[in-house]
>>> print(open('coords08.tsv').read())   # TSV, C-alpha atoms and all ligand atoms
chain	number	residue	atom	x	y	z
A	1	MET	CA	100.43	110.18	99.26
A	2	THR	CA	103.78	110.88	100.83
A	3	GLU	CA	105.18	108.28	103.14
A	4	PRO	CA	106.77	109.64	106.31
A	5	ALA	CA	110.13	108.41	107.52
A	6	GLN	CA	109.89	104.81	108.65
A	7	ASP	CA	110.60	103.45	112.08
A	8	SER	CA	111.11	106.84	113.61
A	9	TYR	CA	111.68	106.67	117.31
A	10	GLN	CA	113.30	108.79	119.99
A	11	ASP	CA	115.60	107.66	122.76
A	12	GLY	CA	114.31	107.05	126.26
A	13	ASN	CA	114.95	110.62	127.35
A	14	ALA	CA	111.62	111.32	125.66
A	15	LEU	CA	110.02	109.59	128.66
A	16	ALA	CA	111.47	112.07	131.15
A	17	GLY	CA	108.70	114.66	130.97
A	18	PRO	CA	105.70	112.29	130.89
A	19	LEU	CA	107.13	110.12	133.72
A	20	ARG	CA	108.00	113.14	135.84
A	21	GLU	CA	104.26	113.72	136.00
A	22	ILE	CA	103.92	110.38	137.84
A	23	PHE	CA	107.17	109.77	139.73
A	24	ALA	CA	109.13	111.94	142.11
A	25	VAL	CA	112.42	110.76	140.64
A	26	ASP	CA	113.83	110.89	137.11
A	27	VAL	CA	113.06	107.36	135.93
A	28	THR	CA	115.09	107.76	132.75
A	29	ALA	CA	118.22	107.56	134.94
A	30	ALA	CA	117.08	104.18	136.32
A	31	ALA	CA	118.68	100.96	135.11
A	32	GLY	CA	116.25	98.36	133.79
A	33	GLN	CA	116.42	94.84	132.42
A	34	CYS	CA	114.42	93.55	129.46
A	35	VAL	CA	112.12	90.60	130.30
A	36	HIS	CA	112.47	89.23	126.79
A	37	CYS	CA	116.23	89.16	126.16
A	38	GLY	CA	117.78	90.13	129.49
A	39	LEU	CA	119.57	93.19	128.17
A	40	ALA	CA	120.24	95.68	130.97
A	41	GLY	CA	120.63	99.40	130.50
A	42	PRO	CA	119.28	102.81	131.42
A	43	VAL	CA	115.68	103.67	130.58
A	44	ALA	CA	117.15	106.51	128.51
A	45	SER	CA	118.58	103.90	126.09
A	46	LEU	CA	115.14	102.53	125.14
A	47	ARG	CA	113.60	103.24	121.73
A	48	VAL	CA	110.45	105.25	122.22
A	49	TYR	CA	107.65	105.20	119.64
A	50	GLY	CA	104.76	107.62	119.90
A	51	PRO	CA	103.65	109.75	121.70
A	52	ALA	CA	100.26	108.88	120.17
A	53	PRO	CA	98.20	106.81	120.82
A	54	GLY	CA	100.71	106.12	123.62
A	55	MET	CA	104.43	105.98	124.29
A	56	VAL	CA	105.85	102.54	123.54
A	57	ALA	CA	109.41	102.02	124.77
A	58	ARG	CA	111.19	99.08	123.16
A	59	CYS	CA	114.40	97.27	124.01
A	60	PRO	CA	117.31	98.33	121.77
A	61	GLY	CA	118.49	94.70	121.79
A	62	CYS	CA	115.36	92.80	120.78
A	63	ASP	CA	112.69	95.43	119.87
A	64	GLU	CA	110.20	93.93	122.34
A	65	VAL	CA	108.07	96.24	124.48
A	66	VAL	CA	109.63	97.18	127.82
A	67	LEU	CA	107.35	100.00	128.95
A	68	ARG	CA	104.13	101.62	127.77
A	69	LEU	CA	102.60	104.89	128.91
A	70	VAL	CA	99.17	106.16	127.87
A	71	ARG	CA	98.02	109.58	129.02
A	72	GLY	CA	94.25	110.00	129.04
A	73	PRO	CA	92.41	113.17	130.01
A	74	ASP	CA	92.19	112.23	133.70
A	75	SER	CA	94.43	109.16	134.10
A	76	ALA	CA	97.71	107.73	132.99
A	77	TRP	CA	98.26	104.02	132.35
A	78	LEU	CA	101.77	102.72	132.92
A	79	ASP	CA	102.65	99.16	131.88
A	80	LEU	CA	106.03	97.85	133.00
A	81	ARG	CA	105.49	94.18	132.19
A	82	GLY	CA	108.49	94.11	129.89
A	83	THR	CA	110.82	95.19	132.67
A	84	VAL	CA	112.43	92.74	135.11
A	85	SER	CA	113.06	95.56	137.57
A	86	LEU	CA	114.12	99.17	137.68
A	87	ARG	CA	117.14	100.17	139.73
A	88	ILE	CA	116.57	103.77	140.70
A	89	PRO	CA	119.49	105.78	142.06
A	90	LEU	CA	118.52	107.44	145.36
A	91	PRO	CA	120.35	109.18	148.17
A	92	GLY	CA	120.66	107.18	151.39
A	93	PRO	CA	117.59	107.47	153.63
A	94	GLY	CA	117.94	110.42	155.97
A	95	VAL	CA	121.50	111.09	154.88
A	96	PRO	CA	122.07	114.57	153.56
A	97	ASP	CA	123.44	114.21	150.04
A	98	GLY	CA	126.44	115.90	148.59
A	99	THR	CA	129.35	117.14	150.58
A	100	GLY	CA	129.85	114.49	153.23
A	101	GLU	CA	130.45	117.28	155.66
A	102	GLY	CA	128.55	116.69	158.86
A	103	PRO	CA	127.55	119.42	161.23
A	104	ALA	CA	130.52	121.04	162.89
B	1	MET	CA	69.25	111.09	111.98
B	2	GLY	CA	70.33	113.51	109.26
B	3	PHE	CA	68.05	114.59	106.42
B	4	VAL	CA	70.48	113.29	103.80
B	5	SER	CA	70.56	109.52	103.65
B	6	ARG	CA	73.96	107.88	103.80
B	7	GLY	CA	73.50	106.29	100.40
B	8	PHE	CA	73.20	109.64	98.60
B	9	ARG	CA	75.83	111.49	100.54
B	10	GLY	CA	78.59	110.81	98.07
B	11	ARG	CA	82.03	112.18	98.80
B	12	PRO	CA	81.50	114.63	101.62
B	13	ARG	CA	82.81	118.18	101.61
B	14	ASP	CA	84.48	119.76	104.61
B	15	GLU	CA	81.60	122.09	105.32
B	16	GLY	CA	78.68	120.60	107.11
B	17	VAL	CA	80.21	117.16	107.44
B	18	LYS	CA	79.06	115.32	110.53
B	19	LEU	CA	82.02	113.84	112.36
B	20	PRO	CA	81.97	111.68	115.49
B	21	PRO	CA	82.23	113.75	118.69
B	22	GLY	CA	85.65	115.28	119.34
B	23	GLN	CA	87.04	114.50	115.87
B	24	TYR	CA	88.55	116.90	113.33
B	25	LEU	CA	89.00	116.45	109.59
B	26	VAL	CA	92.33	115.73	107.91
B	27	HIS	CA	93.22	115.33	104.23
B	28	ASP	CA	96.58	113.64	104.63
B	29	PHE	CA	96.91	110.15	106.08
B	30	PRO	CA	98.81	110.39	109.39
B	31	VAL	CA	100.99	107.44	110.41
B	32	LEU	CA	101.13	106.50	114.08
B	33	SER	CA	103.57	103.82	115.04
B	34	ALA	CA	104.10	101.73	118.15
B	35	GLY	CA	107.15	99.92	116.83
B	36	PRO	CA	109.31	99.08	113.84
B	37	THR	CA	107.49	98.55	110.55
B	38	PRO	CA	107.41	94.81	109.76
B	39	ARG	CA	108.50	93.81	106.26
B	40	VAL	CA	106.82	90.62	105.12
B	41	PRO	CA	107.80	89.19	101.71
B	42	LEU	CA	104.70	88.12	99.81
B	43	ASP	CA	106.02	84.60	99.22
B	44	ARG	CA	106.14	84.11	102.98
B	45	TRP	CA	103.01	86.08	103.83
B	46	GLU	CA	100.13	84.10	105.24
B	47	PHE	CA	96.79	84.92	106.81
B	48	ALA	CA	95.07	82.54	109.22
B	49	ILE	CA	91.81	82.16	111.08
B	50	ASP	CA	92.21	79.96	114.17
B	51	THR	CA	89.01	78.63	115.69
B	52	GLU	CA	88.24	77.89	119.33
B	53	ASP	CA	88.41	74.15	118.47
B	54	GLY	CA	92.00	74.38	117.27
B	55	GLN	CA	91.18	74.36	113.54
B	56	THR	CA	93.29	76.70	111.42
B	57	HIS	CA	92.27	78.04	108.02
B	58	ARG	CA	95.19	79.51	106.05
B	59	TRP	CA	95.54	81.62	102.94
B	60	SER	CA	98.73	82.38	101.05
B	61	TRP	CA	99.03	85.71	99.27
B	62	GLN	CA	98.13	84.04	95.95
B	63	GLU	CA	95.10	82.42	97.54
B	64	LEU	CA	93.96	85.74	98.97
B	65	MET	CA	94.34	87.41	95.57
B	66	ALA	CA	92.25	84.68	93.98
B	67	LEU	CA	89.25	85.45	96.21
B	68	PRO	CA	86.54	87.88	95.11
B	69	ALA	CA	87.50	91.42	96.13
B	70	GLU	CA	85.38	94.39	97.14
B	71	THR	CA	86.16	98.11	96.85
B	72	PRO	CA	84.69	99.80	99.92
B	73	THR	CA	84.75	103.60	100.32
B	74	VAL	CA	84.78	104.32	104.03
B	75	ASP	CA	85.44	107.00	106.65
B	76	LEU	CA	88.34	106.49	109.09
B	77	HIS	CA	88.30	107.75	112.67
B	78	CYS	CA	91.49	107.64	114.72
B	79	VAL	CA	91.32	107.76	118.51
B	80	THR	CA	93.92	110.56	118.38
B	81	LYS	CA	91.03	112.66	117.01
B	82	TRP	CA	91.65	112.89	113.27
B	83	SER	CA	89.10	111.63	110.78
B	84	LYS	CA	89.66	111.02	107.08
B	85	LEU	CA	86.57	110.70	104.93
B	86	GLY	CA	85.78	108.82	101.74
B	87	THR	CA	88.87	106.60	101.61
B	88	ASP	CA	89.02	104.01	98.81
B	89	TRP	CA	90.17	100.47	99.54
B	90	LYS	CA	90.30	97.09	97.87
B	91	GLY	CA	90.22	93.89	99.82
B	92	VAL	CA	88.48	90.65	100.67
B	93	SER	CA	85.42	90.74	102.90
B	94	LEU	CA	85.74	88.81	106.15
B	95	ASP	CA	82.40	87.24	105.20
B	96	THR	CA	84.21	85.54	102.31
B	97	LEU	CA	87.06	84.36	104.55
B	98	PHE	CA	84.67	83.10	107.23
B	99	ALA	CA	82.49	81.23	104.72
B	100	ASP	CA	83.97	77.81	105.54
B	101	VAL	CA	84.92	78.53	109.14
B	102	GLU	CA	82.88	76.63	111.70
B	103	SER	CA	82.86	78.52	114.94
B	104	SER	CA	80.48	79.66	117.63
B	105	ALA	CA	83.05	81.89	119.32
B	106	GLU	CA	81.92	85.40	120.24
B	107	TYR	CA	85.33	87.05	120.54
B	108	ALA	CA	88.18	87.66	118.15
B	109	LEU	CA	91.80	88.56	118.82
B	110	VAL	CA	93.44	89.98	115.72
B	111	TYR	CA	97.22	89.52	115.61
B	112	SER	CA	99.79	91.08	113.34
B	113	TYR	CA	103.29	90.60	112.03
B	114	GLY	CA	105.43	92.53	114.50
B	115	GLY	CA	103.39	91.44	117.52
B	116	TYR	CA	100.50	93.91	117.60
B	117	THR	CA	97.10	92.64	118.77
B	118	THR	CA	93.59	94.04	119.06
B	119	ASN	CA	90.30	92.49	120.16
B	120	LEU	CA	86.73	92.87	119.00
B	121	PRO	CA	83.49	90.88	118.95
B	122	VAL	CA	83.25	88.42	116.05
B	123	GLU	CA	79.96	90.01	114.96
B	124	ASP	CA	81.85	93.25	114.21
B	125	LEU	CA	83.89	91.38	111.60
B	126	LEU	CA	80.85	90.01	109.72
B	127	ASP	CA	77.93	91.22	107.59
B	128	GLY	CA	79.92	93.54	105.35
B	129	LYS	CA	81.62	95.45	108.15
B	130	ALA	CA	85.25	94.33	107.76
B	131	TRP	CA	87.84	93.49	105.12
B	132	ILE	CA	91.39	92.27	104.70
B	133	ALA	CA	92.51	95.26	102.63
B	134	TYR	CA	95.53	95.23	100.32
B	135	GLN	CA	95.02	98.33	98.18
B	136	PHE	CA	94.53	101.96	99.18
B	137	ASP	CA	93.61	104.66	96.68
B	138	GLY	CA	94.22	102.32	93.77
B	139	GLU	CA	97.72	101.36	94.78
B	140	GLU	CA	99.20	98.51	96.75
B	141	LEU	CA	99.04	99.25	100.44
B	142	ALA	CA	102.25	100.89	101.68
B	143	ALA	CA	104.04	99.24	104.60
B	144	ALA	CA	103.63	102.40	106.69
B	145	HIS	CA	99.86	102.00	106.40
B	146	GLY	CA	99.91	98.28	107.17
B	147	GLY	CA	100.83	96.67	103.86
B	148	PRO	CA	100.93	94.18	102.40
B	149	ALA	CA	97.52	93.77	104.07
B	150	ARG	CA	95.66	95.17	107.03
B	151	LEU	CA	92.33	94.62	108.69
B	152	LEU	CA	89.82	97.34	107.81
B	153	VAL	CA	86.97	97.68	110.28
B	154	PRO	CA	86.01	101.33	109.81
B	155	HIS	CA	83.03	101.53	112.17
B	156	LEU	CA	85.46	101.29	115.12
B	157	TYR	CA	88.41	103.56	115.97
B	158	LEU	CA	91.30	102.90	113.61
B	159	TRP	CA	93.50	101.08	116.17
B	160	LYS	CA	91.11	98.14	115.69
B	161	SER	CA	92.02	98.03	111.96
B	162	ALA	CA	95.24	96.15	112.67
B	163	LYS	CA	98.10	96.91	110.29
B	164	TRP	CA	100.24	94.00	108.95
B	165	VAL	CA	97.48	91.56	109.83
B	166	GLN	CA	98.58	87.96	110.22
B	167	GLY	CA	95.55	86.24	111.63
B	168	ILE	CA	92.40	86.18	113.72
B	169	ARG	CA	92.02	83.92	116.73
B	170	LEU	CA	88.43	83.06	117.61
B	171	MET	CA	87.81	82.59	121.31
B	172	ASN	CA	85.04	81.99	123.81
B	173	GLU	CA	86.50	84.63	126.11
B	174	ASP	CA	87.41	88.22	125.41
B	175	TRP	CA	91.17	88.81	125.40
B	176	PRO	CA	92.13	92.50	125.41
B	177	GLY	CA	94.78	93.49	122.87
B	178	PHE	CA	97.77	95.86	122.79
B	179	TRP	CA	96.07	99.22	123.38
B	180	GLU	CA	93.09	97.70	125.16
B	181	THR	CA	95.45	96.57	127.97
B	182	ALA	CA	97.00	100.05	128.21
B	183	GLY	CA	94.03	102.27	128.95
B	184	TYR	CA	92.13	102.34	125.67
B	185	HIS	CA	88.50	101.31	125.44
B	186	ASN	CA	87.69	97.64	124.91
B	187	TYR	CA	85.22	98.31	122.05
B	188	GLY	CA	86.09	101.73	120.61
B	189	ASP	CA	82.93	103.09	118.95
B	190	PRO	CA	83.81	106.58	117.64
B	191	TRP	CA	80.16	107.71	117.59
B	192	ARG	CA	79.91	106.98	121.33
B	193	GLU	CA	83.41	108.44	121.85
B	194	GLN	CA	84.72	105.28	123.51
B	195	ARG	CA	88.36	106.32	123.64
B	196	TYR	CA	89.53	105.24	127.09
B	197	GLN	CA	88.51	102.64	129.65
B	198	GLY	CA	85.43	103.92	131.40
B	199	ASP	CA	84.25	106.15	128.51
C	1	ZN	ZN	115.28	92.86	124.94
>>> encode(input="coords08.tsv", output="structure tokens", more="lines below")
Ligand SMILES: [Zn+2]
Amino acid sequence: MTEPAQDSYQDGNALAGPLREIFAVDVTAAAGQCVHCGLAGPVASLRVYGPAPGMVARCPGCDEVVLRLVRGPDSAWLDLRGTVSLRIPLPGPGVPDGTGEGPA
Amino acid sequence: MGFVSRGFRGRPRDEGVKLPPGQYLVHDFPVLSAGPTPRVPLDRWEFAIDTEDGQTHRWSWQELMALPAETPTVDLHCVTKWSKLGTDWKGVSLDTLFADVESSAEYALVYSYGGYTTNLPVEDLLDGKAWIAYQFDGEELAAAHGGPARLLVPHLYLWKSAKWVQGIRLMNEDWPGFWETAGYHNYGDPWREQRYQGD
């Protein structure tokens, strides 16, 4: 019996594809805070175990669970109980992004 | 019901093996992980059964080793669809560990070193259906597979066979565990294909 590499995880960018299926924005760019230890950082900095039976994203500071995502055949389950909040960068409402040039 | 009784089946071959619905056969032993692998030194390892009345029964590693062991050969069915047949284990039956436990609780929450939990009815732990297993295939159980000891409850999907088992809390109310609170089925019978909530 060969033993696979231990504790193999990916960084939080592994969540980008599965979360894009649910959210209109790229959540991996959001800043979150760990409920357990208070560490703040981008979702992309989490340690992601899985994908099977589900994706388990853990805090790089304390290893506690920050986010879980299970994809069933006709539903996804998203658990954010380990997150204080997510700060999601968005353009201002109704303001065209980018150039700052208004209409002439 | 098949025409070959379970008792005479022996070690099944690939051809003609009846698997639970949706499962396929593997010959390796895949490792799925939801977190870092806990490392528990045997001199600090402990297993506990906590009753609904607040009584706790504890076993050190030495005490566990001193109990009569069984060597079940069982089939494993993972909810991610692989099945591994005829696996050989050594461990202590939960019937032995429950012998002096006074409880009328119907529900169990199994908890592990590292924080994992899973729930099941107490009756699924008794009557020769579950073990605290510490050897696989004649060798001490590797940490990647839940060593030094894991729960083995092979009639349910393998996520119920908690790796790195630390204890069992007996309760009057059902308390869904790690995967059971994230979309997976509360009971997880592979023969009824109870993978997800609502199956
Ligand atoms: Zn943390």
>>> interface_residues(input="coords08.tsv", of="chain A", to="chain B", cutoff="9 Å", atoms="all atoms listed in the file", output="PyMOL selection string")
chain A and resi 1-9+47-58+63-65+68-73+75-79
>>> residues_around(input="coords08.tsv", residues="B:Asp189", least_positions_apart="5", cutoff="12 Å", atoms="only C-alpha atoms", output="list in words")
Pro20, Pro21, Leu76, His77, Cys78, Val79, Leu120, Asp124, Val153, Pro154, His155, Leu156, Tyr157, Leu158, Trp159, Lys160, Tyr184, Gln194, Arg195, Tyr196 and Asp199 of chain B
>>> closest_atom_pairs(input="coords08.tsv", of="chain A", to="ligand ZN 1 (chain C)", cutoff="9 Å", atoms="all atoms listed in the file", output="CSV")
residue,atom,partner,partner_atom,distance
A:Gln33,CA,C:ZN1,ZN,7.8
A:Cys34,CA,C:ZN1,ZN,4.7
A:Val35,CA,C:ZN1,ZN,6.6
A:His36,CA,C:ZN1,ZN,4.9
A:Cys37,CA,C:ZN1,ZN,4.0
A:Gly38,CA,C:ZN1,ZN,5.9
A:Leu39,CA,C:ZN1,ZN,5.4
A:Ala40,CA,C:ZN1,ZN,8.3
A:Arg58,CA,C:ZN1,ZN,7.7
A:Cys59,CA,C:ZN1,ZN,4.6
A:Pro60,CA,C:ZN1,ZN,6.6
A:Gly61,CA,C:ZN1,ZN,4.9
A:Cys62,CA,C:ZN1,ZN,4.2
A:Asp63,CA,C:ZN1,ZN,6.2
A:Glu64,CA,C:ZN1,ZN,5.8
A:Val65,CA,C:ZN1,ZN,8.0
A:Val66,CA,C:ZN1,ZN,7.7
A:Gly82,CA,C:ZN1,ZN,8.5
>>> residues_near_point(input="coords08.tsv", point="(96.9, 81.3, 113.2)", cutoff="7 Å", atoms="only C-alpha atoms", output="list in words")
Ala48, Ile49, Asp50, Thr56, Gly167, Ile168 and Arg169 of chain B
>>> residues_near_point(input="coords08.tsv", point="(91.2, 91.3, 99.5)", cutoff="9 Å", atoms="all atoms listed in the file", output="list in words")
Leu64, Met65, Ala66, Leu67, Pro68, Ala69, Glu70, Thr71, Lys90, Gly91, Val92, Ser93, Leu94, Trp131, Ile132, Ala133, Tyr134, Gln135 and Ala149 of chain B
>>> atom_distance(input="coords08.tsv", atom1="atom CA of B:Gly138", atom2="atom CA of B:Thr73")
11.6 Å
>>> closest_residue(input="coords08.tsv", among="A:Ala16, A:Leu46, A:Leu67, A:Val25", to="A:Arg81", atoms="all atoms listed in the file")
A:Leu67
